[in-house]
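Below is one structure, written out as structure tokens; the observations come after it.
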Amino acid sequence: MASARRNFDKVNFGPWQIKTWYFSPYPLTDGEGEDALGHGRTMDLFAGTVNRENTGGILWVCDRCFKYMADGTSWEVHMRKCTRRHPPGRKVYQRGAHTIWEVDGAKEKLYCQNLSLFGKLFIDIKTLFFDCDNFLFYIFTDADSQRDHVLGFFSKEKVSYDDYNLACIVVLPPYQKKGYGMLLIEFSYELSRRAGRIGTPERPLSDLGLRSYLAYWVSTIIRFLRQLLSVLPPDVPPIKTVGHLPNLSLVRNDTDMTPSSQKRTKRTKGWDGESASPSSPEGSSASPATRDSLSVGAGSLAHMQLERTYETVPALDGSAAVHVLVRCTLADLASATNLRVEDAAFALNECGLLVRREGEGNTTTIAVSREMVEAVARERNVKRMCIDFTKVLL
């Protein structure tokens with residue numbers, strides 16, 4: 001289906017003049033400067049003035065309350081009177097000057113309708129404009145000494161029978177390519193984890209949305225595999241023993257913690273979907289191949305035992321190398337990273353980790369080495385998570 005022709009060429013939004021990307025059904029009329037309790041039905045608006053040709057026009061939008069106007073004079077008058085300093089609703093995340101606000105579409109209908117109309121200028125396939133009652137909006141802001149400035153937002157259904165954790169997401173063009181979109185995606189998955197759900201974004205995904213989510217899925221899996229296939233945590237100092245081989249099962253991996261356990265520590269490592277339980281006494285024998293059990297789960301949602309095998313291989317020069325071997329199913333991997341199985345499979349295929357196959361049919365085994373994981377990490381520029389789970393206010 002072809003996109004509707006853009007009805008505004010540019011939008012003046014606070015200090016920014018932004019070139020619009022797509023059509024948005026703003027119901028501008030001769031009385032557009034008057035306050036209203038809400039918009040009419042969507043079909044009434046499509047049958048009215050929204051389809052008029054205005055491809056060379058400029059839309060004026062308040063960057064505080066998202067009220068829209070057709071001329072600069074009305075906008076200047078409104079800006080002198082607008083007293084809103086931050087989005088309505090409650091804070092659910094705050095890290096320094098960055099805050100995520102949760103806004104109920106039923107309680108703040110006009111604000112959310114105006115926000116959706118503005119977001120539609122930069123989204124092609126979504127149709128959420130006026131029926132906001134069943135949605136929650138999570139608005140990302142950056143504060144200065146005067147007020148909070150909106151950088152982007154995402155919306156999600158209050159009740160989704162398909163466990164969708166995000167309906168649409170927008171980062172305003174002046175603030176893109178700064179990691180803010182990834183932060184919002186990570187926060188949406190944290191909401192699902194806290195609700196005991198395996199979430200996924202609403203389909204269909206736009207091309208830009210697919211790229212963003214693929215980056216999130218790949219990064220989440222790569223960070224988890226890095227931990228899973230590591231003999232030692234990255235910050236462990238050299239281990240020296242006299243008279244016997246080192247007991248690696250006693251080494252505590254500080255990166256394998258749940259978000260709740262991080263709150264009790266001063267040092268934050270971020271949550272990569274993995275929580276480690278203390279190693280069992282059975283894995284304490286010093287032998288060429290030691291075994292332990294790694295409890296992997298997305299919070300309280302999934303708990304399973306992935307058996308790791310430490311294999312010590314001697315070298316010709318008398319030294320030895322220790323390798324970690326893990327056998328798990330795709331469902332185990334998806335559950336451990338709090339991803340849908342189909343999302344995890346798509347990400348693994350796209351990043352090239354499904355190429356080493358053994359067997360056929362239901363007995364097919366995929367071999368993934370640490371070298372392959374590191375190659376994908378370099379190719380995809382995998383970074384640490386943007387979200388700080390100690391700053392979540394839920």
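Identifiers in this document derive from the order of the structure tokens: chains are assigned A, B, ..., residues are numbered from 1 separately in each chain, and ligands are numbered from 1 in order of occurrence.
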Determine, for each residue of region 199-235 of chain A having at least one atom at most 9 Å from an atom of region 310-329 of chain A, the closest pair of atoms and their separation in Å to one decimal, counting only C-alpha atoms; order by chain and ascending number, as JSON lines.
```
{"residue": "A:Leu228", "atom": "CA", "partner": "A:Val326", "partner_atom": "CA", "distance": 7.9}
{"residue": "A:Leu229", "atom": "CA", "partner": "A:Val324", "partner_atom": "CA", "distance": 5.6}
{"residue": "A:Ser230", "atom": "CA", "partner": "A:Val324", "partner_atom": "CA", "distance": 6.9}
{"residue": "A:Val231", "atom": "CA", "partner": "A:Val324", "partner_atom": "CA", "distance": 6.2}
```
Non-local contacts of Thr364 (chain A) (12 Å; only C-alpha atoms; under 6 positions in same chain excluded) as a list in words
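So the residues in contact are Thr329, Leu330, Leu354, Val355, Arg356, Arg357 and Glu358 of chain A.
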Which residues of region 111-139 of chain A have any atom within 12 Å of an atom in region 171-192 of chain A when counting only C-alpha atoms, and what is the closest pair of atoms for each, with the distance in Å to one decimal? Order the rows by chain and rising number and write it as a Markdown table.
```
| residue | atom | partner | partner_atom | distance |
| --- | --- | --- | --- | --- |
| A:Leu115 | CA | A:Leu172 | CA | 11.6 |
| A:Phe118 | CA | A:Leu172 | CA | 9.7 |
| A:Gly119 | CA | A:Leu172 | CA | 8.1 |
| A:Lys120 | CA | A:Leu172 | CA | 11.0 |
| A:Leu121 | CA | A:Leu172 | CA | 9.9 |
| A:Phe122 | CA | A:Leu172 | CA | 8.0 |
| A:Ile123 | CA | A:Val171 | CA | 10.2 |
| A:Leu136 | CA | A:Ser188 | CA | 11.4 |
| A:Phe137 | CA | A:Ser188 | CA | 10.9 |
| A:Tyr138 | CA | A:Leu184 | CA | 8.4 |
| A:Ile139 | CA | A:Leu184 | CA | 9.0 |
```
Tell me which protein, DNA and RNA residues are within 12 Å of Tyr216 (chain A), counting only C-alpha atoms, leaving out same-chain ones fewer than 2 positions away, and put them as a count of residues only.
41
Secondary structure check, strand (DSSP E) residues of region 126-234 of chain A, as a list in words
Phe135, Leu136, Phe137, Tyr138, Ile139, Phe140, Thr141, Asp142, Ala143, Asp148, His149, Val150, Leu151, Gly152, Phe153, Phe154, Ser155, Lys156, Glu157, Tyr164, Asn165, Leu166, Cys168, Ile169, Val170, Val171, Thr200 and Pro201 of chain A
Report, in Å to a single decimal, how far apart CA of Val61 (chain A) and CA of Gly14 (chain A) are.
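Going from CA of Gly14 (chain A) over to CA of Val61 (chain A) covers 7.4 Å.
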Using only C-alpha atoms, find the one residue out of A:Asn114, A:Ser160, A:Asn12, A:Thr390 that sits nearest to Asn134 (chain A).
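Under the stated criterion, the closest residue is A:Ser160.
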What does the structure give for the distance between CA of Pro234 (chain A) and CA of Ala377 (chain A), in Å to one decimal?
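Value for the CA of Pro234 (chain A)-CA of Ala377 (chain A) distance: 15.7 Å.
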Minimum-distance residue to Ala345 (chain A), chosen among A:Leu394, A:Thr141, A:Trp217, A:Lys107 (using only C-alpha atoms):
A:Trp217
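For the atom pair formed by CA of Glu379 (chain A) and CA of Leu208 (chain A), the distance is 19.0 Å, given to one decimal.
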